[in-house]
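A.B. asks: Here you go, protein09.tsv (TSV, C-alpha atoms):
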```
chain	number	residue	atom	x	y	z
A	1	MET	CA	0.00	0.00	0.00
A	2	GLN	CA	1.29	3.45	-0.96
A	3	LYS	CA	1.95	5.98	1.75
A	4	CYS	CA	-0.45	8.93	1.79
A	5	ASN	CA	1.82	11.90	1.19
A	6	MET	CA	-0.60	14.75	0.85
A	7	LYS	CA	-4.14	15.83	1.77
A	8	ILE	CA	-6.01	17.94	-0.76
A	9	ALA	CA	-9.37	19.67	-0.28
A	10	LEU	CA	-11.43	19.73	-3.49
A	11	CYS	CA	-13.70	22.72	-4.04
A	12	HIS	CA	-16.15	22.72	-6.93
A	13	SER	CA	-19.69	23.22	-8.08
A	14	MET	CA	-21.88	20.34	-6.95
A	15	GLN	CA	-22.99	20.08	-10.60
A	16	TYR	CA	-19.59	18.38	-11.02
A	17	ALA	CA	-19.92	15.79	-8.26
A	18	GLU	CA	-19.02	13.02	-10.71
A	19	LYS	CA	-15.85	14.81	-11.86
A	20	ALA	CA	-14.87	15.50	-8.24
A	21	LYS	CA	-15.21	11.77	-7.52
A	22	GLU	CA	-12.92	11.00	-10.49
A	23	VAL	CA	-10.34	13.50	-9.21
A	24	GLN	CA	-10.58	12.04	-5.70
A	25	GLU	CA	-9.91	8.57	-7.12
A	26	TRP	CA	-7.00	9.89	-9.22
A	27	PHE	CA	-5.32	11.27	-6.08
A	28	ARG	CA	-5.97	8.02	-4.21
A	29	ASP	CA	-4.38	6.06	-7.06
A	30	HIS	CA	-1.33	8.33	-6.73
A	31	GLY	CA	-1.01	7.80	-2.96
A	32	HIS	CA	-2.75	10.95	-1.75
A	33	GLU	CA	-6.01	11.75	-0.01
A	34	ALA	CA	-8.50	14.19	-1.53
A	35	PHE	CA	-11.64	15.53	0.13
A	36	PRO	CA	-14.59	16.68	-1.96
A	37	SER	CA	-17.64	17.84	-0.03
A	38	SER	CA	-18.70	15.31	2.61
A	39	PHE	CA	-22.03	15.23	0.78
A	40	ASN	CA	-20.55	14.67	-2.71
A	41	GLU	CA	-21.74	11.06	-3.01
A	42	LEU	CA	-25.38	12.15	-2.61
A	43	PHE	CA	-25.13	14.25	-5.79
A	44	ILE	CA	-23.74	11.57	-8.09
A	45	GLY	CA	-26.24	10.55	-10.74
A	46	LEU	CA	-28.71	13.39	-10.12
A	47	ASN	CA	-29.73	15.82	-12.85
A	48	ASP	CA	-28.89	19.54	-12.51
A	49	GLU	CA	-32.30	20.46	-11.11
A	50	GLU	CA	-32.13	17.72	-8.46
A	51	LYS	CA	-28.57	18.76	-7.57
A	52	GLU	CA	-29.65	22.38	-7.11
A	53	ALA	CA	-32.48	21.40	-4.74
A	54	LEU	CA	-30.23	19.07	-2.75
A	55	LYS	CA	-27.49	21.71	-2.57
A	56	LEU	CA	-29.82	24.14	-0.78
A	57	LYS	CA	-31.00	21.42	1.61
A	58	GLN	CA	-27.41	20.46	2.51
A	59	LYS	CA	-26.39	24.07	3.15
A	60	TYR	CA	-29.42	24.89	5.30
A	61	GLU	CA	-30.05	21.64	7.15
A	62	HIS	CA	-26.59	20.10	7.40
A	63	ASP	CA	-24.26	23.13	7.59
A	64	ALA	CA	-22.39	22.01	4.45
A	65	ILE	CA	-20.31	25.20	4.22
A	66	ARG	CA	-18.86	24.80	7.72
A	67	GLU	CA	-18.50	21.04	7.15
A	68	HIS	CA	-16.26	21.57	4.10
A	69	TRP	CA	-14.27	24.25	5.95
A	70	GLY	CA	-13.08	21.39	8.18
A	71	ASN	CA	-11.74	19.60	5.10
A	72	ILE	CA	-9.90	22.74	4.02
A	73	GLU	CA	-8.45	23.20	7.50
A	74	LYS	CA	-7.00	19.66	7.65
A	75	SER	CA	-5.61	19.71	4.09
A	76	ASP	CA	-2.15	20.59	2.84
A	77	LYS	CA	-3.42	22.12	-0.40
A	78	VAL	CA	-6.72	23.28	-1.86
A	79	LEU	CA	-7.70	22.49	-5.45
A	80	ILE	CA	-10.51	24.42	-7.12
A	81	LEU	CA	-12.08	22.31	-9.87
A	82	ASN	CA	-13.14	25.21	-12.07
A	83	TYR	CA	-14.83	23.68	-15.10
A	84	ASP	CA	-17.01	25.58	-17.59
A	85	LYS	CA	-20.53	26.33	-16.34
A	86	HIS	CA	-23.39	28.61	-17.42
A	87	GLY	CA	-21.44	29.64	-20.51
A	88	ILE	CA	-18.53	30.89	-18.37
A	89	ALA	CA	-15.15	29.32	-19.04
A	90	ASN	CA	-13.40	28.05	-15.89
A	91	TYR	CA	-16.32	29.03	-13.68
A	92	ILE	CA	-15.77	29.66	-9.96
A	93	GLY	CA	-19.10	29.99	-8.16
A	94	GLY	CA	-19.90	31.76	-4.94
A	95	ASN	CA	-19.29	28.76	-2.72
A	96	SER	CA	-15.93	27.87	-4.30
A	97	PHE	CA	-14.92	31.53	-4.07
A	98	LEU	CA	-15.84	31.50	-0.38
A	99	GLU	CA	-13.78	28.33	0.09
A	100	MET	CA	-10.83	29.98	-1.65
A	101	GLY	CA	-11.11	32.74	0.94
A	102	PHE	CA	-11.06	30.18	3.76
A	103	ALA	CA	-7.94	28.60	2.26
A	104	TYR	CA	-6.30	31.99	1.83
A	105	ILE	CA	-6.90	32.96	5.48
A	106	LEU	CA	-5.61	29.54	6.59
A	107	LYS	CA	-2.47	30.13	4.46
A	108	LYS	CA	-3.12	27.01	2.37
A	109	PRO	CA	-1.71	26.91	-1.17
A	110	ILE	CA	-4.60	27.40	-3.61
A	111	TYR	CA	-4.58	25.67	-6.99
A	112	LEU	CA	-6.97	26.22	-9.89
A	113	LEU	CA	-7.38	23.32	-12.29
A	114	ASN	CA	-8.03	25.77	-15.14
A	115	PRO	CA	-7.18	29.47	-15.70
A	116	ILE	CA	-8.74	32.28	-13.69
A	117	PRO	CA	-12.21	33.03	-15.07
A	118	GLY	CA	-13.12	36.48	-16.28
A	119	ILE	CA	-15.92	37.00	-13.77
A	120	PRO	CA	-16.49	40.77	-13.41
A	121	TYR	CA	-17.31	40.99	-9.72
A	122	TYR	CA	-14.49	39.01	-8.15
A	123	GLU	CA	-11.75	38.33	-10.69
A	124	THR	CA	-9.47	40.84	-8.91
A	125	GLU	CA	-9.96	39.08	-5.57
A	126	ILE	CA	-9.17	35.70	-7.12
A	127	ILE	CA	-5.95	37.13	-8.55
A	128	ALA	CA	-5.08	38.68	-5.15
A	129	MET	CA	-5.20	35.23	-3.50
A	130	LYS	CA	-2.34	34.21	-5.84
A	131	PRO	CA	-3.67	30.83	-6.93
A	132	ILE	CA	-1.37	28.49	-8.82
A	133	VAL	CA	-2.97	27.72	-12.18
A	134	LEU	CA	-2.51	24.12	-13.32
A	135	ASN	CA	-3.86	24.73	-16.86
A	136	GLY	CA	-5.70	21.40	-16.78
A	137	ASP	CA	-2.60	19.40	-15.74
A	138	ILE	CA	-3.56	17.97	-12.35
A	139	GLU	CA	-0.16	16.27	-11.97
A	140	LYS	CA	1.47	19.70	-11.43
A	141	ILE	CA	-0.06	19.86	-7.93
A	142	LEU	CA	2.16	16.94	-6.91
A	143	LYS	CA	5.37	18.85	-7.66
```
Here is the file; what I need is its structure written in the form of structure tokens.
C.D. replies:
Amino acid sequence: MQKCNMKIALCHSMQYAEKAKEVQEWFRDHGHEAFPSSFNELFIGLNDEEKEALKLKQKYEHDAIREHWGNIEKSDKVLILNYDKHGIANYIGGNSFLEMGFAYILKKPIYLLNPIPGIPYYETEIIAMKPIVLNGDIEKILK
């Protein structure tokens, strides 16, 4: 059995629960531990509308934001899985942006899977947190 060298918190839109699971498995296969949302498994296989309804329930009834903060706190690095969404390339939603802020305050290295999105209201703040952009090459986080 490979030694677990690193712990990585995964932050992403819950629309991409399946992709987050794939990334989690990729890290496991490379001897590392990755933490998507504790509720990630519940979203796998749901359509977008069902995911949206469940997302609200998890945030209100199960304190999902604070729950994932614990994953960020215990991790060595934070990886934002910023895939395209709503016609925005490399989308970072409100929750992932909030989680980037948690990571920044905790002095955790922040990685973006894809380039910084051109989102008018918080692009400057994303840049200010000095994320390391992987340009789609997840293996770079291991270096």
A.B. asks: What is the CA of Ile105 (chain A)-CA of Pro120 (chain A) distance in Å, reported with one decimal?
C.D. replies: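 If I compute the distance from CA of Ile105 (chain A) to CA of Pro120 (chain A), I get 22.6 Å.
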A.B. asks: Using only C-alpha atoms, find the one residue out of A:Asn82, A:Asn47, A:Asn135, A:Thr124 that sits nearest to Cys11 (chain A).
C.D. replies: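 Under the stated criterion, the closest residue is A:Asn82.
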A.B. asks: Would you mind telling me which residue in A:Lys130, A:Lys7, A:His86, A:His30 lies nearest to Pro109 (chain A) when using only C-alpha atoms?
C.D. replies: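 Of A:Lys130, A:Lys7, A:His86, A:His30, the one nearest Pro109 (chain A) is A:Lys130, counting only C-alpha atoms.
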A.B. asks: State, in Å with one decimal place, the distance from CA of Lys85 (chain A) to CA of Lys57 (chain A).
C.D. replies: 21.4 Å
A.B. asks: Considering all atoms listed in the file, give me a table of residues in region 41-103 of chain A that are at most 9 Å from region 17-27 of chain A, with the closest atom pair and distance in Å for each, as a tab-separated table.
C.D. replies:
```
residue	atom	partner	partner_atom	distance
A:Glu41	CA	A:Ala17	CA	7.3
A:Leu42	CA	A:Ala17	CA	8.7
A:Phe43	CA	A:Ala17	CA	6.0
A:Ile44	CA	A:Glu18	CA	5.6
A:Gly45	CA	A:Glu18	CA	7.6
A:Leu81	CA	A:Ala20	CA	7.5
```
A.B. asks: Restricted to C-alpha atoms, what would the selected residues look like written as a PDB file, keeping the file's coordinate frame?
C.D. replies:
```pdb
ATOM      1  CA  GLU A  41     -21.740  11.060  -3.010  1.00  0.00           C
ATOM      2  CA  LEU A  42     -25.380  12.150  -2.610  1.00  0.00           C
ATOM      3  CA  PHE A  43     -25.130  14.250  -5.790  1.00  0.00           C
ATOM      4  CA  ILE A  44     -23.740  11.570  -8.090  1.00  0.00           C
ATOM      5  CA  GLY A  45     -26.240  10.550 -10.740  1.00  0.00           C
ATOM      6  CA  LEU A  81     -12.080  22.310  -9.870  1.00  0.00           C
TER       7      LEU A  81
END
```
A.B. asks: Restricting the calculation to only C-alpha atoms: of A:Leu106, A:Leu142, A:Ile72, A:Leu113, which residue gets closest to Met129 (chain A)?
C.D. replies: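 Closest to Met129 (chain A) of all the choices is A:Leu106.
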A.B. asks: Using all atoms listed in the file, which of the listed residues (A:Glu99, A:Glu49, A:Asp84, A:Glu61) sits closest to Pro36 (chain A)?
C.D. replies: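 Closest to Pro36 (chain A) of all the choices is A:Glu99.
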A.B. asks: Which of these residues is nearest to Ile65 (chain A), using all atoms listed in the file: A:Phe97, A:Tyr111, A:Tyr16, A:Tyr91?
C.D. replies: A:Phe97
A.B. asks: Please tell me which residues are no farther than 12 Å from (0.2, 22.9, -13.0) in the file, counting only C-alpha atoms, and write them as a list in words.
C.D. replies: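 Returned residue set, sorted by chain then number, is Leu79, Ile110, Tyr111, Leu112, Leu113, Asn114, Pro115, Pro131, Ile132, Val133, Leu134, Asn135, Gly136, Asp137, Ile138, Glu139, Lys140, Ile141, Leu142 and Lys143 of chain A.
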A.B. asks: Pick the closest to Lys74 (chain A) from A:Arg28, A:Ser38, A:Ile126, A:Lys108: which is it, counting only C-alpha atoms?
C.D. replies: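 Ranking A:Arg28, A:Ser38, A:Ile126, A:Lys108 by distance to Lys74 (chain A), first place goes to A:Lys108.
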A.B. asks: Residues within 8 Å of Pro117 (chain A), please, as a PDB file with C-alpha atoms, in the frame of the given file. Count only C-alpha atoms; anything in the same chain fewer than 5 positions from it doesn't count.
C.D. replies:
```pdb
ATOM      1  CA  ILE A  88     -18.530  30.890 -18.370  1.00  0.00           C
ATOM      2  CA  ALA A  89     -15.150  29.320 -19.040  1.00  0.00           C
ATOM      3  CA  ASN A  90     -13.400  28.050 -15.890  1.00  0.00           C
ATOM      4  CA  TYR A  91     -16.320  29.030 -13.680  1.00  0.00           C
ATOM      5  CA  ILE A  92     -15.770  29.660  -9.960  1.00  0.00           C
ATOM      6  CA  GLU A 123     -11.750  38.330 -10.690  1.00  0.00           C
TER       7      GLU A 123
END
```
A.B. asks: Just the number, please: distance in Å from CA of Gly93 (chain A) to CA of Ile116 (chain A), one decimal.
C.D. replies: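 Result for CA of Gly93 (chain A) versus CA of Ile116 (chain A): 12.0 Å, one decimal.
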A.B. asks: Any chance you could build region 73-96 of chain A out to N, CA and C atoms and write it as a short mmCIF file (atom, residue, chain, number, x, y, z; two decimals), in the frame of the given file?
C.D. replies:
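Final file, rebuild-v4.cif:
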```cif
data_model
loop_
_atom_site.label_atom_id
_atom_site.label_comp_id
_atom_site.auth_asym_id
_atom_site.auth_seq_id
_atom_site.Cartn_x
_atom_site.Cartn_y
_atom_site.Cartn_z
N GLU A 73 -9.34 23.00 6.36
CA GLU A 73 -8.45 23.20 7.50
C GLU A 73 -7.46 22.05 7.67
N LYS A 74 -7.88 20.80 7.43
CA LYS A 74 -7.00 19.66 7.65
C LYS A 74 -6.15 19.30 6.43
N SER A 75 -6.32 20.03 5.33
CA SER A 75 -5.61 19.71 4.09
C SER A 75 -4.30 20.48 3.97
N ASP A 76 -3.41 19.92 3.15
CA ASP A 76 -2.15 20.59 2.84
C ASP A 76 -2.31 21.60 1.72
N LYS A 77 -3.20 21.28 0.77
CA LYS A 77 -3.42 22.12 -0.40
C LYS A 77 -4.91 22.13 -0.71
N VAL A 78 -5.32 23.16 -1.46
CA VAL A 78 -6.72 23.28 -1.86
C VAL A 78 -6.76 23.37 -3.39
N LEU A 79 -7.57 22.52 -4.00
CA LEU A 79 -7.70 22.49 -5.45
C LEU A 79 -9.13 22.89 -5.83
N ILE A 80 -9.22 23.96 -6.61
CA ILE A 80 -10.51 24.42 -7.12
C ILE A 80 -10.72 23.77 -8.49
N LEU A 81 -11.76 22.98 -8.60
CA LEU A 81 -12.08 22.31 -9.87
C LEU A 81 -13.00 23.25 -10.66
N ASN A 82 -12.38 24.17 -11.37
CA ASN A 82 -13.14 25.21 -12.07
C ASN A 82 -13.36 24.86 -13.55
N TYR A 83 -14.42 24.07 -13.75
CA TYR A 83 -14.83 23.68 -15.10
C TYR A 83 -15.79 24.74 -15.66
N ASP A 84 -16.06 24.66 -16.95
CA ASP A 84 -17.01 25.58 -17.59
C ASP A 84 -18.42 25.33 -17.05
N LYS A 85 -19.16 26.44 -16.84
CA LYS A 85 -20.53 26.33 -16.34
C LYS A 85 -21.29 27.60 -16.72
N HIS A 86 -22.54 27.47 -17.07
CA HIS A 86 -23.39 28.61 -17.42
C HIS A 86 -22.78 29.48 -18.51
N GLY A 87 -22.06 28.88 -19.43
CA GLY A 87 -21.44 29.64 -20.51
C GLY A 87 -20.20 30.42 -20.09
N ILE A 88 -19.73 30.20 -18.87
CA ILE A 88 -18.53 30.89 -18.37
C ILE A 88 -17.39 29.89 -18.32
N ALA A 89 -16.32 30.20 -19.04
CA ALA A 89 -15.15 29.32 -19.04
C ALA A 89 -14.50 29.35 -17.66
N ASN A 90 -14.15 28.17 -17.15
CA ASN A 90 -13.40 28.05 -15.89
C ASN A 90 -14.14 28.65 -14.69
N TYR A 91 -15.42 28.46 -14.67
CA TYR A 91 -16.32 29.03 -13.68
C TYR A 91 -15.90 28.75 -12.23
N ILE A 92 -15.93 29.79 -11.42
CA ILE A 92 -15.77 29.66 -9.96
C ILE A 92 -17.02 30.30 -9.36
N GLY A 93 -17.85 29.49 -8.74
CA GLY A 93 -19.10 29.99 -8.16
C GLY A 93 -18.89 30.59 -6.78
N GLY A 94 -19.96 31.09 -6.24
CA GLY A 94 -19.90 31.76 -4.94
C GLY A 94 -19.34 30.89 -3.84
N ASN A 95 -19.76 29.63 -3.78
CA ASN A 95 -19.29 28.76 -2.72
C ASN A 95 -17.80 28.44 -2.86
N SER A 96 -17.36 28.15 -4.09
CA SER A 96 -15.93 27.87 -4.30
C SER A 96 -15.09 29.11 -4.02
#
```
